[in-house]
Number of protein chains: 2
Amino acid sequence: MLNTKGERTKHAILDRAAALATQEGLAPLSIGRLAEATGMSKSGLFAHFGSKEELQLATVDHAATMFVAEVIEPARAAPRGLARVWALCDRMIDYAERQVFPGGCFFACTSFEFNNQPGPVRDRIEEMLRSWHSYLERAVDQAQDAGELTTAIGARELAFQLDAFAQASNAQFQLFRDTGVFDDARRAVHDRLESLRPTSAAA
Amino acid sequence: MLNTKGERTKHAILDRAAALATQEGLAPLSIGRLAEATGMSKSGLFAHFGSKEELQLATVDHAATMFVAEVIEPARAAPRGLARVWALCDRMIDYAERQVFPGGCFFACTSFEFNNQPGPVRDRIEEMLRSWHSYLERAVDQAQDAGELTTAIGARELAFQLDAFAQASNAQFQLFRDTGVFDDARRAVHDRLESLRPTSAAA
DNA sequence: GAGATAATAGTACAGTCGTGCTATTCTAGT
DNA sequence: ACTAGAATAGCACGACTGTACTATTATCTC
């Protein structure tokens with residue numbers, strides 16, 4: 001990857017596109033606007049993608065790669081079980097706090113934008129978020145199997161709650177610009193996990 | 001209100017505008033699109049507002065009125081304390097589930113859209129969500145004062161968590177079209193409140 | 001280093017955007 | 001019922017949209 005000039009510029013364009021999409025939106029992100037932001041000509045940039053929809057799809061894929069690199073991969077370093085569940089949530093909150101994308105989580109932004117806009121772009125966003133949710137659920141499931149979390153609540157339901165905390169911190173920070181919400185989210189995740197630790201009497 | 005013809009059409013336009021904004025976005029909602037959706041001429045509709053920004057502001061205000069009527073007012077019927085906290089959360093989830101707005105919670109949608117777009121529209125959305133959060137927090141605080149919830153967690157932090165559950169159900173339903181998330185959210189709220197009930201030994 | 005080809009720019013076009021202006025139709029108070 | 005004024009429509013404008021097509025320049029391969 002990134003051997004030829006074309007691949008390098010394409011990569012740079014998509015970096016810019018993903019960032020801009022979180023600030024100004026993915027749908028209204030025009031070719032002209034993106035060309036201006038990257039210092040290219042409209043047609044020169046356009047030639048890399050062939051259509052606006054292809055540009056949007058490439059941007060979603062690029063953002064997905066970044067999300068995996070920033071959240072999933074680091075958390076995979078943690079051992080299976082409770083540690084990994086915590087790592088996933090923590091990395092997710094971190095990713096919002098560090099503003100990997102300047103307008104907050106790319107998939108939070110774009111999922112709201114494309115919720116009701118059927119088509120391949122929406123499908124790709126949905127697929128990405130589905131796999132995130134199922135990955136988090138699997139991590140919870142493994143922690144329960146290992147006896148590190150009780151099964152008082154299903155893995156899916158707990159994953160729902162943990163994800164909700166992270167998402168809420170992202171949304172509220174972007175709107176209110178209050179960094180305290182990240183601590184709120186971390187504490188919420190921590191307390192919830194702590195409340196589900198098996199009693200010390202367990203095997 | 002709604003005495004003159006102008007006020008009636010304006011009301012109808014804003015109903016349509018708020019609904020469309022949750023499906024197609026508030027920013028990209030063009031005068032032409034809205035005129036088509038209401039069966040009016042572009043200029044006839046435009047004359048009601050004078051500028052697109054005024055239309056957007058009026059739409060936000062209209063949506064806020066609807067939110068108050070659908071969520072806040074009904075919950076005010078519940079007595080102060082835990083009952084009202086529960087009512088607020090339940091009505092909020094209901095409001096998402098019944099699709100008062102076809103694309104989900106108006107303020108969830110538009111806040112992501114206008115997060116990074118400074119201006120009066122963003123300000124009005126932020127103000128509305130701020131007042132929602134502080135209203136919910138005050139309700140939690142009253143429940144704690146009444147001794148119906150422990151103070152093991154601050155009112156603001158608990159309100160953060162409760163709101164997160166409701167918001168998550170709205171977002172996930174819109175994306176995955178799975179009505180089960182509303183039960184997940186209700187159960188999450190219920191369990192969290194239950195976990196904070198004072199022990200029976202209390203006064 | 002020359003030749004093939006990839007990468008970028010220039011220009012043009014029909015469509016839509018927000019918003020003026022003018023003209024017409026309808027409504028509300030008398 | 002008549003009239004003042006509100007409400008709506010018609011049309012025009014420059015700016016911007018996505019996307020052709022052609023021309024030019026830079027980059028890789030041998």
# chains A, B, ... in the order shown; residues from 1 in each chain; ligands from 1

$ interface_residues --of "chain B" --to "chain D" --cutoff "10 Å" --atoms "only C-alpha atoms (C1' of nucleotides)" --output "list in words"
Thr4, Lys5, Gly6, Thr9, Met40, Ser41, Lys42, Ser43, Gly44, Leu45, Ala47 and His48 of chain B

$ interface_residues --of "chain A" --to "chain B" --cutoff "10 Å" --atoms "only C-alpha atoms" --output "count of residues only"
57

$ residues_around --residues "Gln144 of chain B" --least-positions-apart "6" --cutoff "8 Å" --atoms "only C-alpha atoms (C1' of nucleotides)" --output "list of chain:residue names"
B:Gly81, B:Thr150, B:Thr151, B:Ala155

$ interface_residues --of "chain C" --to "chain B" --cutoff "9 Å" --atoms "only C-alpha atoms (C1' of nucleotides)" --output "ChimeraX atom specification"
/C:16-19,27-28

$ write_last_selection --atoms "C-alpha atoms (C1' of nucleotides)" --output "CSV table (one decimal), in the first residue's frame"
chain,number,residue,atom,x,y,z
C,16,DT,C1',-30.4,22.8,-7.7
C,17,DC,C1',-29.5,26.0,-4.1
C,18,DG,C1',-31.1,30.5,-1.4
C,19,DT,C1',-33.1,34.7,-2.2
C,27,DT,C1',-58.8,36.1,3.8
C,28,DA,C1',-60.5,39.0,7.6

$ calpha_fit_and_write --fixed "chain B" --moving "chain A" --output "PDB file with C-alpha atoms, in the first residue's frame"
ATOM      1  CA  MET A   1     -52.426  30.724  18.045  1.00  0.00           C
ATOM      2  CA  LEU A   2     -53.452  29.175  14.773  1.00  0.00           C
ATOM      3  CA  ASN A   3     -56.218  31.724  14.258  1.00  0.00           C
ATOM      4  CA  THR A   4     -55.156  33.049  10.913  1.00  0.00           C
ATOM      5  CA  LYS A   5     -54.525  31.048   7.799  1.00  0.00           C
ATOM      6  CA  GLY A   6     -50.877  32.042   7.852  1.00  0.00           C
ATOM      7  CA  GLU A   7     -50.360  30.633  11.302  1.00  0.00           C
ATOM      8  CA  ARG A   8     -52.030  27.386  10.361  1.00  0.00           C
ATOM      9  CA  THR A   9     -49.931  26.827   7.250  1.00  0.00           C
ATOM     10  CA  LYS A  10     -46.802  27.838   9.105  1.00  0.00           C
ATOM     11  CA  HIS A  11     -47.606  25.239  11.728  1.00  0.00           C
ATOM     12  CA  ALA A  12     -48.157  22.608   9.039  1.00  0.00           C
ATOM     13  CA  ILE A  13     -44.899  23.550   7.324  1.00  0.00           C
ATOM     14  CA  LEU A  14     -42.967  23.243  10.568  1.00  0.00           C
ATOM     15  CA  ASP A  15     -44.532  19.862  11.325  1.00  0.00           C
ATOM     16  CA  ARG A  16     -43.325  18.656   7.976  1.00  0.00           C
ATOM     17  CA  ALA A  17     -39.949  20.351   8.330  1.00  0.00           C
ATOM     18  CA  ALA A  18     -39.249  18.786  11.718  1.00  0.00           C
ATOM     19  CA  ALA A  19     -40.221  15.351  10.449  1.00  0.00           C
ATOM     20  CA  LEU A  20     -38.135  15.677   7.306  1.00  0.00           C
ATOM     21  CA  ALA A  21     -35.185  17.028   9.272  1.00  0.00           C
ATOM     22  CA  THR A  22     -34.965  13.777  11.233  1.00  0.00           C
ATOM     23  CA  GLN A  23     -35.004  11.750   8.033  1.00  0.00           C
ATOM     24  CA  GLU A  24     -32.949  13.787   5.607  1.00  0.00           C
ATOM     25  CA  GLY A  25     -31.207  16.236   7.878  1.00  0.00           C
ATOM     26  CA  LEU A  26     -31.920  19.798   8.944  1.00  0.00           C
ATOM     27  CA  ALA A  27     -29.040  21.454   7.112  1.00  0.00           C
ATOM     28  CA  PRO A  28     -29.627  19.854   3.703  1.00  0.00           C
ATOM     29  CA  LEU A  29     -33.394  20.336   3.987  1.00  0.00           C
ATOM     30  CA  SER A  30     -33.857  22.771   1.122  1.00  0.00           C
ATOM     31  CA  ILE A  31     -36.674  25.236   0.614  1.00  0.00           C
ATOM     32  CA  GLY A  32     -37.525  23.526  -2.645  1.00  0.00           C
ATOM     33  CA  ARG A  33     -37.670  20.103  -1.039  1.00  0.00           C
ATOM     34  CA  LEU A  34     -39.920  21.361   1.743  1.00  0.00           C
ATOM     35  CA  ALA A  35     -42.132  23.209  -0.730  1.00  0.00           C
ATOM     36  CA  GLU A  36     -42.553  20.017  -2.710  1.00  0.00           C
ATOM     37  CA  ALA A  37     -43.367  18.061   0.461  1.00  0.00           C
ATOM     38  CA  THR A  38     -46.030  20.551   1.513  1.00  0.00           C
ATOM     39  CA  GLY A  39     -47.436  21.192  -1.961  1.00  0.00           C
ATOM     40  CA  MET A  40     -46.537  24.858  -1.887  1.00  0.00           C
ATOM     41  CA  SER A  41     -44.473  27.021  -4.168  1.00  0.00           C
ATOM     42  CA  LYS A  42     -40.890  27.743  -3.209  1.00  0.00           C
ATOM     43  CA  SER A  43     -41.477  31.466  -2.857  1.00  0.00           C
ATOM     44  CA  GLY A  44     -44.800  31.092  -1.067  1.00  0.00           C
ATOM     45  CA  LEU A  45     -43.197  28.962   1.573  1.00  0.00           C
ATOM     46  CA  PHE A  46     -40.073  31.076   1.776  1.00  0.00           C
ATOM     47  CA  ALA A  47     -42.127  34.196   2.520  1.00  0.00           C
ATOM     48  CA  HIS A  48     -43.109  32.727   5.883  1.00  0.00           C
ATOM     49  CA  PHE A  49     -39.556  32.767   7.145  1.00  0.00           C
ATOM     50  CA  GLY A  50     -37.444  35.268   5.252  1.00  0.00           C
ATOM     51  CA  SER A  51     -34.303  33.168   5.312  1.00  0.00           C
ATOM     52  CA  LYS A  52     -33.271  29.566   5.547  1.00  0.00           C
ATOM     53  CA  GLU A  53     -31.719  30.141   8.945  1.00  0.00           C
ATOM     54  CA  GLU A  54     -34.995  31.523  10.277  1.00  0.00           C
ATOM     55  CA  LEU A  55     -36.729  28.431   8.941  1.00  0.00           C
ATOM     56  CA  GLN A  56     -34.206  26.223  10.722  1.00  0.00           C
ATOM     57  CA  LEU A  57     -34.610  28.131  13.977  1.00  0.00           C
ATOM     58  CA  ALA A  58     -38.391  27.947  13.747  1.00  0.00           C
ATOM     59  CA  THR A  59     -38.113  24.214  13.080  1.00  0.00           C
ATOM     60  CA  VAL A  60     -35.938  23.708  16.165  1.00  0.00           C
ATOM     61  CA  ASP A  61     -38.392  25.681  18.297  1.00  0.00           C
ATOM     62  CA  HIS A  62     -41.300  23.708  16.907  1.00  0.00           C
ATOM     63  CA  ALA A  63     -39.545  20.427  17.664  1.00  0.00           C
ATOM     64  CA  ALA A  64     -38.774  21.655  21.177  1.00  0.00           C
ATOM     65  CA  THR A  65     -42.453  22.380  21.767  1.00  0.00           C
ATOM     66  CA  MET A  66     -43.311  18.898  20.564  1.00  0.00           C
ATOM     67  CA  PHE A  67     -40.666  17.354  22.811  1.00  0.00           C
ATOM     68  CA  VAL A  68     -42.031  19.187  25.834  1.00  0.00           C
ATOM     69  CA  ALA A  69     -45.565  18.102  24.991  1.00  0.00           C
ATOM     70  CA  GLU A  70     -44.583  14.478  24.411  1.00  0.00           C
ATOM     71  CA  VAL A  71     -42.027  13.905  27.149  1.00  0.00           C
ATOM     72  CA  ILE A  72     -41.835  16.636  29.776  1.00  0.00           C
ATOM     73  CA  GLU A  73     -45.505  17.458  30.289  1.00  0.00           C
ATOM     74  CA  PRO A  74     -46.716  13.850  30.662  1.00  0.00           C
ATOM     75  CA  ALA A  75     -43.899  13.133  33.109  1.00  0.00           C
ATOM     76  CA  ARG A  76     -44.855  16.158  35.187  1.00  0.00           C
ATOM     77  CA  ALA A  77     -48.051  14.326  35.948  1.00  0.00           C
ATOM     78  CA  ALA A  78     -46.021  11.869  38.005  1.00  0.00           C
ATOM     79  CA  PRO A  79     -45.302  12.957  41.578  1.00  0.00           C
ATOM     80  CA  ARG A  80     -41.897  14.431  42.359  1.00  0.00           C
ATOM     81  CA  GLY A  81     -39.247  11.882  43.240  1.00  0.00           C
ATOM     82  CA  LEU A  82     -38.422   8.451  41.903  1.00  0.00           C
ATOM     83  CA  ALA A  83     -41.736   8.167  40.068  1.00  0.00           C
ATOM     84  CA  ARG A  84     -40.993  11.238  38.019  1.00  0.00           C
ATOM     85  CA  VAL A  85     -37.456  10.127  37.218  1.00  0.00           C
ATOM     86  CA  TRP A  86     -38.848   6.885  35.931  1.00  0.00           C
ATOM     87  CA  ALA A  87     -41.608   8.679  34.019  1.00  0.00           C
ATOM     88  CA  LEU A  88     -39.128  10.969  32.319  1.00  0.00           C
ATOM     89  CA  CYS A  89     -36.964   8.074  31.142  1.00  0.00           C
ATOM     90  CA  ASP A  90     -39.931   6.000  30.123  1.00  0.00           C
ATOM     91  CA  ARG A  91     -41.554   8.823  28.185  1.00  0.00           C
ATOM     92  CA  MET A  92     -38.243   9.558  26.502  1.00  0.00           C
ATOM     93  CA  ILE A  93     -37.895   5.962  25.350  1.00  0.00           C
ATOM     94  CA  ASP A  94     -41.550   5.908  24.354  1.00  0.00           C
ATOM     95  CA  TYR A  95     -41.095   9.048  22.327  1.00  0.00           C
ATOM     96  CA  ALA A  96     -38.348   7.331  20.376  1.00  0.00           C
ATOM     97  CA  GLU A  97     -40.309   4.111  20.024  1.00  0.00           C
ATOM     98  CA  ARG A  98     -43.531   5.740  18.844  1.00  0.00           C
ATOM     99  CA  GLN A  99     -41.491   7.694  16.338  1.00  0.00           C
ATOM    100  CA  VAL A 100     -42.978  11.045  17.157  1.00  0.00           C
ATOM    101  CA  PHE A 101     -40.404  12.096  14.589  1.00  0.00           C
ATOM    102  CA  PRO A 102     -40.040   9.489  11.851  1.00  0.00           C
ATOM    103  CA  GLY A 103     -36.236   9.604  11.908  1.00  0.00           C
ATOM    104  CA  GLY A 104     -35.980   9.348  15.686  1.00  0.00           C
ATOM    105  CA  CYS A 105     -35.351  11.977  18.332  1.00  0.00           C
ATOM    106  CA  PHE A 106     -35.096  15.364  16.627  1.00  0.00           C
ATOM    107  CA  PHE A 107     -32.434  16.633  18.986  1.00  0.00           C
ATOM    108  CA  ALA A 108     -30.299  13.527  18.726  1.00  0.00           C
ATOM    109  CA  CYS A 109     -30.267  13.894  14.937  1.00  0.00           C
ATOM    110  CA  THR A 110     -29.697  17.604  14.736  1.00  0.00           C
ATOM    111  CA  SER A 111     -27.194  17.863  17.558  1.00  0.00           C
ATOM    112  CA  PHE A 112     -24.847  15.592  15.634  1.00  0.00           C
ATOM    113  CA  GLU A 113     -25.446  17.625  12.517  1.00  0.00           C
ATOM    114  CA  PHE A 114     -24.754  21.007  14.108  1.00  0.00           C
ATOM    115  CA  ASN A 115     -22.144  20.002  16.673  1.00  0.00           C
ATOM    116  CA  ASN A 116     -19.403  21.682  14.745  1.00  0.00           C
ATOM    117  CA  GLN A 117     -21.368  24.323  12.912  1.00  0.00           C
ATOM    118  CA  PRO A 118     -21.233  27.470  15.054  1.00  0.00           C
ATOM    119  CA  GLY A 119     -24.207  29.786  14.784  1.00  0.00           C
ATOM    120  CA  PRO A 120     -27.633  30.463  16.220  1.00  0.00           C
ATOM    121  CA  VAL A 121     -29.075  27.111  15.120  1.00  0.00           C
ATOM    122  CA  ARG A 122     -26.412  25.184  16.979  1.00  0.00           C
ATOM    123  CA  ASP A 123     -26.869  27.453  19.991  1.00  0.00           C
ATOM    124  CA  ARG A 124     -30.591  26.794  20.122  1.00  0.00           C
ATOM    125  CA  ILE A 125     -30.134  23.018  19.892  1.00  0.00           C
ATOM    126  CA  GLU A 126     -27.493  23.083  22.610  1.00  0.00           C
ATOM    127  CA  GLU A 127     -29.701  25.193  24.861  1.00  0.00           C
ATOM    128  CA  MET A 128     -32.596  22.783  24.443  1.00  0.00           C
ATOM    129  CA  LEU A 129     -30.492  19.733  25.301  1.00  0.00           C
ATOM    130  CA  ARG A 130     -28.906  21.543  28.229  1.00  0.00           C
ATOM    131  CA  SER A 131     -32.308  22.246  29.699  1.00  0.00           C
ATOM    132  CA  TRP A 132     -33.374  18.640  29.161  1.00  0.00           C
ATOM    133  CA  HIS A 133     -30.322  17.384  30.993  1.00  0.00           C
ATOM    134  CA  SER A 134     -30.736  19.803  33.845  1.00  0.00           C
ATOM    135  CA  TYR A 135     -34.413  18.954  34.139  1.00  0.00           C
ATOM    136  CA  LEU A 136     -33.591  15.262  34.401  1.00  0.00           C
ATOM    137  CA  GLU A 137     -30.832  15.983  36.885  1.00  0.00           C
ATOM    138  CA  ARG A 138     -33.211  18.032  39.026  1.00  0.00           C
ATOM    139  CA  ALA A 139     -35.700  15.185  39.026  1.00  0.00           C
ATOM    140  CA  VAL A 140     -32.983  12.808  40.210  1.00  0.00           C
ATOM    141  CA  ASP A 141     -31.953  15.300  42.852  1.00  0.00           C
ATOM    142  CA  GLN A 142     -35.512  15.505  44.165  1.00  0.00           C
ATOM    143  CA  ALA A 143     -35.704  11.714  44.360  1.00  0.00           C
ATOM    144  CA  GLN A 144     -32.504  11.694  46.367  1.00  0.00           C
ATOM    145  CA  ASP A 145     -33.759  14.459  48.664  1.00  0.00           C
ATOM    146  CA  ALA A 146     -36.911  12.435  49.244  1.00  0.00           C
ATOM    147  CA  GLY A 147     -34.757   9.490  50.268  1.00  0.00           C
ATOM    148  CA  GLU A 148     -35.994   7.352  47.378  1.00  0.00           C
ATOM    149  CA  LEU A 149     -32.532   7.070  45.857  1.00  0.00           C
ATOM    150  CA  THR A 150     -29.223   6.836  47.666  1.00  0.00           C
ATOM    151  CA  THR A 151     -26.581   9.481  47.137  1.00  0.00           C
ATOM    152  CA  ALA A 152     -23.969   6.856  46.326  1.00  0.00           C
ATOM    153  CA  ILE A 153     -23.772   8.616  42.992  1.00  0.00           C
ATOM    154  CA  GLY A 154     -24.254  12.305  42.169  1.00  0.00           C
ATOM    155  CA  ALA A 155     -27.474  13.442  40.533  1.00  0.00           C
ATOM    156  CA  ARG A 156     -25.637  14.669  37.452  1.00  0.00           C
ATOM    157  CA  GLU A 157     -23.749  11.409  36.991  1.00  0.00           C
ATOM    158  CA  LEU A 158     -26.881   9.319  37.371  1.00  0.00           C
ATOM    159  CA  ALA A 159     -28.793  11.538  34.958  1.00  0.00           C
ATOM    160  CA  PHE A 160     -25.934  11.029  32.505  1.00  0.00           C
ATOM    161  CA  GLN A 161     -26.371   7.273  32.701  1.00  0.00           C
ATOM    162  CA  LEU A 162     -30.136   7.279  32.406  1.00  0.00           C
ATOM    163  CA  ASP A 163     -30.059   9.610  29.435  1.00  0.00           C
ATOM    164  CA  ALA A 164     -27.374   7.449  27.827  1.00  0.00           C
ATOM    165  CA  PHE A 165     -29.690   4.423  27.867  1.00  0.00           C
ATOM    166  CA  ALA A 166     -32.541   6.299  26.238  1.00  0.00           C
ATOM    167  CA  GLN A 167     -30.307   7.881  23.626  1.00  0.00           C
ATOM    168  CA  ALA A 168     -28.695   4.564  22.788  1.00  0.00           C
ATOM    169  CA  SER A 169     -32.058   2.924  22.187  1.00  0.00           C
ATOM    170  CA  ASN A 170     -33.058   5.729  19.852  1.00  0.00           C
ATOM    171  CA  ALA A 171     -29.820   5.549  17.875  1.00  0.00           C
ATOM    172  CA  GLN A 172     -29.726   1.782  17.617  1.00  0.00           C
ATOM    173  CA  PHE A 173     -33.354   1.453  16.643  1.00  0.00           C
ATOM    174  CA  GLN A 174     -32.922   3.930  13.832  1.00  0.00           C
ATOM    175  CA  LEU A 175     -29.891   2.082  12.531  1.00  0.00           C
ATOM    176  CA  PHE A 176     -30.739  -1.561  13.145  1.00  0.00           C
ATOM    177  CA  ARG A 177     -34.520  -1.350  13.117  1.00  0.00           C
ATOM    178  CA  ASP A 178     -34.639  -3.702  16.096  1.00  0.00           C
ATOM    179  CA  THR A 179     -37.433  -2.805  18.518  1.00  0.00           C
ATOM    180  CA  GLY A 180     -35.803  -4.920  21.229  1.00  0.00           C
ATOM    181  CA  VAL A 181     -33.444  -2.096  22.121  1.00  0.00           C
ATOM    182  CA  PHE A 182     -36.297  -0.210  23.778  1.00  0.00           C
ATOM    183  CA  ASP A 183     -36.734  -3.050  26.231  1.00  0.00           C
ATOM    184  CA  ASP A 184     -32.991  -3.093  26.782  1.00  0.00           C
ATOM    185  CA  ALA A 185     -33.116   0.604  27.593  1.00  0.00           C
ATOM    186  CA  ARG A 186     -36.096   0.292  29.927  1.00  0.00           C
ATOM    187  CA  ARG A 187     -34.504  -2.587  31.738  1.00  0.00           C
ATOM    188  CA  ALA A 188     -31.213  -0.712  32.033  1.00  0.00           C
ATOM    189  CA  VAL A 189     -32.980   2.296  33.533  1.00  0.00           C
ATOM    190  CA  HIS A 190     -35.043   0.116  35.821  1.00  0.00           C
ATOM    191  CA  ASP A 191     -32.079  -1.918  37.065  1.00  0.00           C
ATOM    192  CA  ARG A 192     -29.988   1.150  37.648  1.00  0.00           C
ATOM    193  CA  LEU A 193     -32.693   2.870  39.664  1.00  0.00           C
ATOM    194  CA  GLU A 194     -33.410  -0.327  41.579  1.00  0.00           C
ATOM    195  CA  SER A 195     -29.728  -0.679  42.472  1.00  0.00           C
ATOM    196  CA  LEU A 196     -29.868   2.753  44.092  1.00  0.00           C
ATOM    197  CA  ARG A 197     -32.922   2.197  46.288  1.00  0.00           C
ATOM    198  CA  PRO A 198     -32.003   2.732  49.915  1.00  0.00           C
ATOM    199  CA  THR A 199     -31.858  -0.411  52.025  1.00  0.00           C
ATOM    200  CA  SER A 200     -35.090  -1.141  53.859  1.00  0.00           C
ATOM    201  CA  ALA A 201     -33.404  -0.124  57.087  1.00  0.00           C
ATOM    202  CA  ALA A 202     -33.671   3.553  56.126  1.00  0.00           C
ATOM    203  CA  ALA A 203     -35.909   6.056  57.925  1.00  0.00           C
TER     204      ALA A 203
END

$ select_by_dssp --residues "segment 116-176 of chain A" --states "alpha helix (DSSP H)" --output "MDAnalysis selection string"
chainID A and resid 120:145 155:176

$ decode --residues "segment 2-30 of chain C" --atoms "C-alpha atoms (C1' of nucleotides)" --output "tab-separated table (two decimals), in the first residue's frame"
chain	number	residue	atom	x	y	z
C	2	DA	C1'	12.79	7.30	-23.12
C	3	DG	C1'	8.12	5.77	-23.46
C	4	DA	C1'	3.90	4.29	-21.41
C	5	DT	C1'	0.77	5.42	-18.34
C	6	DA	C1'	-0.87	7.28	-14.13
C	7	DA	C1'	-2.18	11.57	-12.05
C	8	DT	C1'	-3.83	16.08	-12.15
C	9	DA	C1'	-5.88	20.28	-14.23
C	10	DG	C1'	-9.11	22.96	-17.34
C	11	DT	C1'	-13.45	23.66	-19.08
C	12	DA	C1'	-18.31	22.95	-19.85
C	13	DC	C1'	-23.09	21.63	-18.73
C	14	DA	C1'	-27.59	20.83	-16.75
C	15	DG	C1'	-29.56	20.91	-12.22
C	16	DT	C1'	-30.39	22.81	-7.68
C	17	DC	C1'	-29.48	26.04	-4.08
C	18	DG	C1'	-31.09	30.51	-1.42
C	19	DT	C1'	-33.15	34.74	-2.22
C	20	DG	C1'	-34.65	38.91	-4.52
C	21	DC	C1'	-38.69	41.15	-7.15
C	22	DT	C1'	-43.35	41.53	-9.02
C	23	DA	C1'	-47.91	39.89	-9.68
C	24	DT	C1'	-51.93	37.54	-8.31
C	25	DT	C1'	-55.22	35.34	-5.26
C	26	DC	C1'	-57.35	34.78	-0.99
C	27	DT	C1'	-58.82	36.14	3.79
C	28	DA	C1'	-60.48	38.96	7.56
C	29	DG	C1'	-62.61	43.04	9.55
C	30	DT	C1'	-65.99	46.29	8.58
